[in-house]
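Participant: Sharing data.csv, CSV, C-alpha atoms:
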chain,number,residue,atom,x,y,z
A,1,ASP,CA,-40.0,19.4,-1.0
A,2,ALA,CA,-39.0,20.9,2.4
A,3,GLY,CA,-36.4,18.3,3.2
A,4,VAL,CA,-36.2,16.3,6.4
A,5,ILE,CA,-37.9,18.2,9.2
A,6,GLN,CA,-36.9,17.8,12.8
A,7,SER,CA,-38.3,19.3,16.0
A,8,PRO,CA,-37.5,20.8,18.3
A,9,ARG,CA,-34.2,22.4,17.1
A,10,HIS,CA,-33.0,22.9,20.6
A,11,GLU,CA,-34.0,21.1,23.8
A,12,VAL,CA,-32.8,21.8,27.3
A,13,THR,CA,-34.0,19.6,30.0
A,14,GLU,CA,-33.2,18.4,33.5
A,15,MET,CA,-31.8,15.0,34.2
A,16,GLY,CA,-34.5,12.4,34.7
A,17,GLN,CA,-37.0,14.1,32.4
A,18,GLU,CA,-38.5,12.5,29.3
A,19,VAL,CA,-37.4,13.8,26.0
A,20,THR,CA,-39.1,13.3,22.7
A,21,LEU,CA,-37.5,14.2,19.4
A,22,ARG,CA,-39.5,14.2,16.2
A,23,CYS,CA,-38.8,13.7,12.5
A,24,LYS,CA,-40.7,14.0,9.3
A,25,PRO,CA,-38.8,12.3,6.4
A,26,ILE,CA,-38.9,13.4,2.8
A,27,SER,CA,-42.1,12.2,1.2
A,28,GLY,CA,-41.6,9.0,-0.7
A,29,HIS,CA,-38.5,7.9,1.1
A,30,ASP,CA,-38.7,4.5,2.6
A,31,TYR,CA,-35.7,4.5,4.9
A,32,LEU,CA,-35.4,6.6,8.0
A,33,PHE,CA,-32.3,6.8,10.2
A,34,TRP,CA,-31.6,8.3,13.6
A,35,TYR,CA,-28.0,9.4,14.4
A,36,ARG,CA,-26.3,10.9,17.4
A,37,GLN,CA,-23.3,13.2,17.0
A,38,THR,CA,-20.8,14.1,19.7
A,39,MET,CA,-17.3,15.5,19.6
A,40,MET,CA,-16.0,12.4,21.3
A,41,ARG,CA,-17.8,9.7,19.4
A,42,GLY,CA,-18.5,11.3,16.1
A,43,LEU,CA,-21.6,10.4,14.2
A,44,GLU,CA,-23.3,7.2,15.5
A,45,LEU,CA,-26.2,5.4,13.9
A,46,LEU,CA,-28.8,4.6,16.6
A,47,ILE,CA,-31.6,2.9,14.7
A,48,TYR,CA,-33.0,2.7,11.2
A,49,PHE,CA,-36.4,1.8,9.7
A,50,ASN,CA,-37.4,0.5,6.3
A,51,ASN,CA,-41.1,0.9,5.3
A,52,ASN,CA,-41.8,2.0,9.0
A,53,VAL,CA,-40.4,-1.3,10.4
A,54,PRO,CA,-37.3,-1.1,12.6
A,55,ILE,CA,-34.5,-3.0,10.9
A,56,ASP,CA,-31.5,-2.5,13.2
A,57,ASP,CA,-31.5,-1.0,16.6
A,58,SER,CA,-28.1,-2.3,17.7
A,59,GLY,CA,-26.8,1.3,18.0
A,60,MET,CA,-29.4,2.3,20.6
A,61,PRO,CA,-27.3,2.8,23.7
A,62,GLU,CA,-29.7,1.6,26.4
A,63,ASP,CA,-33.2,0.7,27.2
A,64,ARG,CA,-33.8,4.4,28.1
A,65,PHE,CA,-33.8,5.0,24.3
A,66,SER,CA,-36.8,4.0,22.1
A,67,ALA,CA,-37.9,4.9,18.6
A,68,LYS,CA,-41.1,4.5,16.8
A,69,MET,CA,-42.3,5.1,13.2
A,70,PRO,CA,-46.1,4.9,13.3
A,71,ASN,CA,-46.5,5.9,9.7
A,72,ALA,CA,-44.4,6.8,6.6
A,73,SER,CA,-44.3,10.5,7.5
A,74,PHE,CA,-43.4,10.6,11.2
A,75,SER,CA,-40.9,9.1,13.6
A,76,THR,CA,-40.0,9.8,17.2
A,77,LEU,CA,-36.9,9.1,19.3
A,78,LYS,CA,-37.6,9.1,23.0
A,79,ILE,CA,-35.2,9.2,26.0
A,80,GLN,CA,-36.7,8.3,29.3
A,81,PRO,CA,-35.2,9.1,31.8
A,82,SER,CA,-32.6,11.5,30.3
A,83,GLU,CA,-29.1,11.8,31.6
A,84,PRO,CA,-26.4,14.4,31.1
A,85,ARG,CA,-24.3,12.0,28.9
A,86,ASP,CA,-27.2,12.0,26.4
A,87,SER,CA,-26.4,15.6,25.5
A,88,ALA,CA,-25.6,15.6,21.8
A,89,VAL,CA,-27.0,16.6,18.4
A,90,TYR,CA,-29.5,14.1,17.2
A,91,PHE,CA,-30.0,13.8,13.4
A,92,CYS,CA,-32.7,12.2,11.4
A,93,ALA,CA,-32.0,11.2,7.8
A,94,SER,CA,-34.1,9.6,5.1
A,95,SER,CA,-33.4,7.8,1.9
A,96,SER,CA,-35.3,6.4,-1.1
A,97,THR,CA,-32.7,3.8,-1.7
A,98,SER,CA,-29.8,2.3,0.2
A,99,ALA,CA,-27.6,5.0,-1.1
A,100,GLU,CA,-27.4,8.7,-0.4
A,101,GLN,CA,-29.1,9.9,2.7
A,102,TYR,CA,-30.7,13.3,3.3
A,103,PHE,CA,-30.2,14.7,6.8
A,104,GLY,CA,-32.4,17.0,8.8
A,105,PRO,CA,-31.0,20.1,10.6
A,106,GLY,CA,-30.7,18.2,13.9
A,107,THR,CA,-31.9,18.6,17.4
A,108,ARG,CA,-29.3,19.9,19.9
A,109,LEU,CA,-30.1,18.3,23.2
A,110,THR,CA,-28.7,19.5,26.5
A,111,VAL,CA,-29.4,17.6,29.7
A,112,THR,CA,-28.4,19.4,32.9
B,1,SER,CA,-15.8,0.1,14.8
B,2,GLN,CA,-15.7,2.9,12.2
B,3,GLN,CA,-15.1,1.8,8.7
B,4,GLY,CA,-13.9,5.0,7.2
B,5,GLU,CA,-11.0,7.1,8.5
B,6,GLU,CA,-10.4,10.5,7.0
B,7,ASP,CA,-7.0,12.2,6.7
B,8,PRO,CA,-5.9,14.8,7.7
B,9,GLN,CA,-8.1,15.7,10.6
B,10,ALA,CA,-7.9,19.4,9.9
B,11,LEU,CA,-6.8,21.4,6.8
B,12,SER,CA,-6.4,25.1,6.4
B,13,ILE,CA,-5.8,26.6,3.0
B,14,GLN,CA,-6.0,29.9,1.2
B,15,GLU,CA,-9.0,30.8,-1.0
B,16,GLY,CA,-8.3,29.7,-4.6
B,17,GLU,CA,-6.1,26.8,-3.6
B,18,ASN,CA,-7.0,23.1,-4.0
B,19,ALA,CA,-8.0,21.0,-1.0
B,20,THR,CA,-7.3,17.2,-1.0
B,21,MET,CA,-8.9,15.0,1.6
B,22,ASN,CA,-8.3,11.3,2.0
B,23,CYS,CA,-10.4,8.4,3.3
B,24,SER,CA,-9.3,4.8,4.1
B,25,TYR,CA,-11.6,1.9,4.8
B,26,LYS,CA,-11.2,-1.6,5.9
B,27,THR,CA,-13.5,-4.0,4.1
B,28,SER,CA,-14.9,-4.5,0.6
B,29,ILE,CA,-17.5,-1.9,-0.3
B,30,ASN,CA,-19.9,-1.4,-3.2
B,31,ASN,CA,-19.9,2.4,-2.9
B,32,LEU,CA,-18.3,5.2,-1.0
B,33,GLN,CA,-19.9,8.6,-0.3
B,34,TRP,CA,-18.7,12.0,0.7
B,35,TYR,CA,-20.8,14.4,2.8
B,36,ARG,CA,-20.3,18.0,3.9
B,37,GLN,CA,-21.4,19.5,7.2
B,38,ASN,CA,-21.5,23.2,7.8
B,39,SER,CA,-21.3,24.4,11.4
B,40,GLY,CA,-24.6,23.8,13.2
B,41,ARG,CA,-26.2,22.1,10.2
B,42,GLY,CA,-27.0,18.6,9.1
B,43,LEU,CA,-24.9,16.6,6.7
B,44,VAL,CA,-25.3,17.2,3.0
B,45,HIS,CA,-24.6,14.5,0.4
B,46,LEU,CA,-21.9,15.5,-2.1
B,47,ILE,CA,-21.0,12.6,-4.2
B,48,LEU,CA,-21.2,8.8,-4.5
B,49,ILE,CA,-18.7,6.7,-6.2
B,50,ARG,CA,-19.3,3.0,-6.9
B,51,SER,CA,-16.8,0.3,-6.6
B,52,ASN,CA,-16.5,-0.2,-10.3
B,53,GLU,CA,-15.7,3.5,-10.8
B,54,ARG,CA,-12.2,5.0,-10.4
B,55,GLU,CA,-13.0,8.7,-10.7
B,56,LYS,CA,-16.0,10.9,-10.6
B,57,HIS,CA,-16.6,14.6,-11.0
B,58,SER,CA,-19.2,17.0,-9.8
B,59,GLY,CA,-18.6,20.7,-10.4
B,60,ARG,CA,-15.4,21.6,-8.5
B,61,LEU,CA,-15.4,18.2,-6.8
B,62,ARG,CA,-13.3,15.3,-8.0
B,63,VAL,CA,-13.5,11.9,-6.2
B,64,THR,CA,-11.2,9.0,-6.8
B,65,LEU,CA,-11.5,5.4,-5.5
B,66,ASP,CA,-8.8,2.9,-5.3
B,67,THR,CA,-10.3,-0.4,-4.2
B,68,SER,CA,-6.9,-2.2,-4.2
B,69,LYS,CA,-5.7,0.3,-1.6
B,70,LYS,CA,-9.1,0.7,0.1
B,71,SER,CA,-8.8,4.4,-0.2
B,72,SER,CA,-10.6,7.4,-1.7
B,73,SER,CA,-9.8,11.0,-2.1
B,74,LEU,CA,-11.9,14.1,-2.4
B,75,LEU,CA,-10.4,17.1,-4.3
B,76,ILE,CA,-12.0,20.5,-4.1
B,77,THR,CA,-10.5,22.8,-6.8
B,78,ALA,CA,-10.3,26.6,-6.6
B,79,SER,CA,-11.6,26.6,-3.0
B,80,ARG,CA,-13.9,29.3,-1.7
B,81,ALA,CA,-14.5,30.6,1.8
B,82,ALA,CA,-17.9,29.0,1.6
B,83,ASP,CA,-16.3,25.6,1.3
B,84,THR,CA,-15.3,25.9,5.0
B,85,ALA,CA,-17.0,22.9,6.6
B,86,SER,CA,-16.4,19.4,7.9
B,87,TYR,CA,-16.2,16.6,5.3
B,88,PHE,CA,-17.0,13.0,6.0
B,89,CYS,CA,-16.6,9.8,4.0
B,90,ALA,CA,-19.2,7.1,4.5
B,91,THR,CA,-19.3,3.5,3.5
B,92,PRO,CA,-22.0,0.8,3.8
B,93,TYR,CA,-21.7,-1.8,6.5
B,94,THR,CA,-20.7,-5.2,5.2
B,95,GLY,CA,-23.9,-7.2,4.5
B,96,ALA,CA,-26.1,-4.2,5.3
B,97,ASN,CA,-25.9,-1.7,2.5
B,98,SER,CA,-28.7,0.4,3.9
B,99,LYS,CA,-26.5,1.3,6.9
B,100,LEU,CA,-23.6,3.8,6.5
B,101,THR,CA,-20.7,4.2,8.8
B,102,PHE,CA,-19.1,7.7,8.9
B,103,GLY,CA,-15.6,8.7,9.7
B,104,LYS,CA,-14.7,11.4,12.3
B,105,GLY,CA,-14.5,14.0,9.5
B,106,ILE,CA,-12.0,16.5,8.2
B,107,THR,CA,-12.3,20.1,9.2
B,108,LEU,CA,-11.5,22.3,6.3
B,109,SER,CA,-10.9,26.0,6.8
B,110,VAL,CA,-10.6,28.2,3.7
B,111,ARG,CA,-9.1,31.6,4.5
B,112,PRO,CA,-10.4,34.5,2.4
Could you render the structure from this file as structure tokens?

Facilitator:
Amino acid sequence: DAGVIQSPRHEVTEMGQEVTLRCKPISGHDYLFWYRQTMMRGLELLIYFNNNVPIDDSGMPEDRFSAKMPNASFSTLKIQPSEPRDSAVYFCASSSTSAEQYFGPGTRLTVT
Amino acid sequence: SQQGEEDPQALSIQEGENATMNCSYKTSINNLQWYRQNSGRGLVHLILIRSNEREKHSGRLRVTLDTSKKSSSLLITASRAADTASYFCATPYTGANSKLTFGKGITLSVRP
């Protein structure tokens, strides 16, 4: 298996623009997690899905953030409008149980 | 608030030496996990220890868990330059085992 795939790997955008991050989990995994990592706040869980259904989105910082999982092999995290404080590395992870998680390589987002 | 707190924040050792990293947590858990993150990469799961286990080994890694002290340690023996990375402990949220909370991480530098 190719592991968790994320795209793009790097995104530079201007404040106010819409940003869409994409994730393909490992085939057969039924949990999908979106995290954000910054030096100040460390690794934060934003939202997670089980069997394509959002279970907990309490970590989503604001209404500007939204996430979808239309099928078992694809998820998106959207920020609209983006702000400079959204600059971070965003990780997607998947799991087949409630135990170990497999992380993607991350998307480094820079909002200017 | 974060459940796991690692100690020390940074560790620098010579190749061949052992590295010991500690993690403390606050509430009862059913498992504790350690992850590694190389610079610019996603997290990689290293080892999971369950609450009824006291010690677990995986190659050069040795993990201990003391539930009475709510602490865990990760020992890397005979360290190599390739072990240079950040190491995180992660514990499930109380009542939501699917969610993990990560500490801020320990930066390990192994000097060749």

Participant: Compile a residue-level contact table for chain B against chain A at a cut-off of 6 Å, reporting for every qualifying residue the shortest atom pair and its distance in Å to one decimal, with all atoms listed in the file counted, rows ordered by chain and ascending number, as JSON lines.

Facilitator:
{"residue": "B:Arg41", "atom": "CA", "partner": "A:Pro105", "partner_atom": "CA", "distance": 5.2}
{"residue": "B:Gly42", "atom": "CA", "partner": "A:Pro105", "partner_atom": "CA", "distance": 4.5}
{"residue": "B:Leu43", "atom": "CA", "partner": "A:Phe103", "partner_atom": "CA", "distance": 5.6}
{"residue": "B:Ser98", "atom": "CA", "partner": "A:Ser98", "partner_atom": "CA", "distance": 4.3}
{"residue": "B:Lys104", "atom": "CA", "partner": "A:Gly42", "partner_atom": "CA", "distance": 5.4}

Participant: For the residues selected in the previous step, produce a file with C-alpha atoms as a compact mmCIF listing (two decimals), keeping the file's coordinate frame.

Facilitator:
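Saved to selection_18.txt:
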# COMPACT_ATOMS: atom_id res chain seq x y z
CA ARG B 41 -26.20 22.10 10.20
CA GLY B 42 -27.00 18.60 9.10
CA LEU B 43 -24.90 16.60 6.70
CA SER B 98 -28.70 0.40 3.90
CA LYS B 104 -14.70 11.40 12.30

Participant: Give me, please, the distance in Å between CA of Pro8 (chain B) and CA of Ile106 (chain B), quoted to one decimal.

Facilitator: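 For CA of Pro8 (chain B) relative to CA of Ile106 (chain B), the distance reads 6.4 Å.
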
Participant: Using all atoms listed in the file, collect all residues at a distance of at most 8 Å from (-20.9, 0.7, -5.3) as written in the file, then present them as a PyMOL selection string.

Facilitator: chain B and resi 29-32+49-52

Participant: Hey, can you spit out that residue selection with C-alpha atoms as a PDB file, keeping the file's coordinate frame?

Facilitator:
ATOM      1  CA  ILE B  29     -17.500  -1.900  -0.300  1.00  0.00           C
ATOM      2  CA  ASN B  30     -19.900  -1.400  -3.200  1.00  0.00           C
ATOM      3  CA  ASN B  31     -19.900   2.400  -2.900  1.00  0.00           C
ATOM      4  CA  LEU B  32     -18.300   5.200  -1.000  1.00  0.00           C
ATOM      5  CA  ILE B  49     -18.700   6.700  -6.200  1.00  0.00           C
ATOM      6  CA  ARG B  50     -19.300   3.000  -6.900  1.00  0.00           C
ATOM      7  CA  SER B  51     -16.800   0.300  -6.600  1.00  0.00           C
ATOM      8  CA  ASN B  52     -16.500  -0.200 -10.300  1.00  0.00           C
TER       9      ASN B  52
END

Participant: What gap, in Å, lies between CA of Pro61 (chain A) and CA of Leu46 (chain A)?

Facilitator: 7.5 Å

Participant: I'd like the neighbourhood of Ala90 (chain B) as a list in words, where a residue qualifies if any of its atoms comes within 9 Å (using all atoms listed in the file), though same-chain residues fewer than 2 positions away should be ignored.

Facilitator: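 The residues satisfying every condition are Gln3, Gly4, Cys23, Asn31, Leu32, Gln33, Trp34, Tyr35, Phe88, Pro92, Leu100, Thr101, Phe102 and Gly103 of chain B.
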
Participant: What is the distance between CA of Lys26 (chain B) and CA of Ser96 (chain A), in Å to one decimal?

Facilitator: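 That distance, rounded to one decimal, is 26.3 Å.
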
Participant: B:Leu48, B:Ser28, B:Ser79, B:Tyr87: which is nearest Thr67 (chain B), counting all atoms listed in the file?

Facilitator: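 The closest residue to Thr67 (chain B) is B:Ser28.
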
Participant: Which residues come within 7 Å of Leu75 (chain B), counting all atoms listed in the file, excluding same-chain residues fewer than 3 positions away, as a CSV table (one decimal) with C-alpha atoms, keeping the file's coordinate frame?

Facilitator:
chain,number,residue,atom,x,y,z
B,18,ASN,CA,-7.0,23.1,-4.0
B,19,ALA,CA,-8.0,21.0,-1.0
B,20,THR,CA,-7.3,17.2,-1.0
B,21,MET,CA,-8.9,15.0,1.6
B,61,LEU,CA,-15.4,18.2,-6.8
B,62,ARG,CA,-13.3,15.3,-8.0
B,63,VAL,CA,-13.5,11.9,-6.2
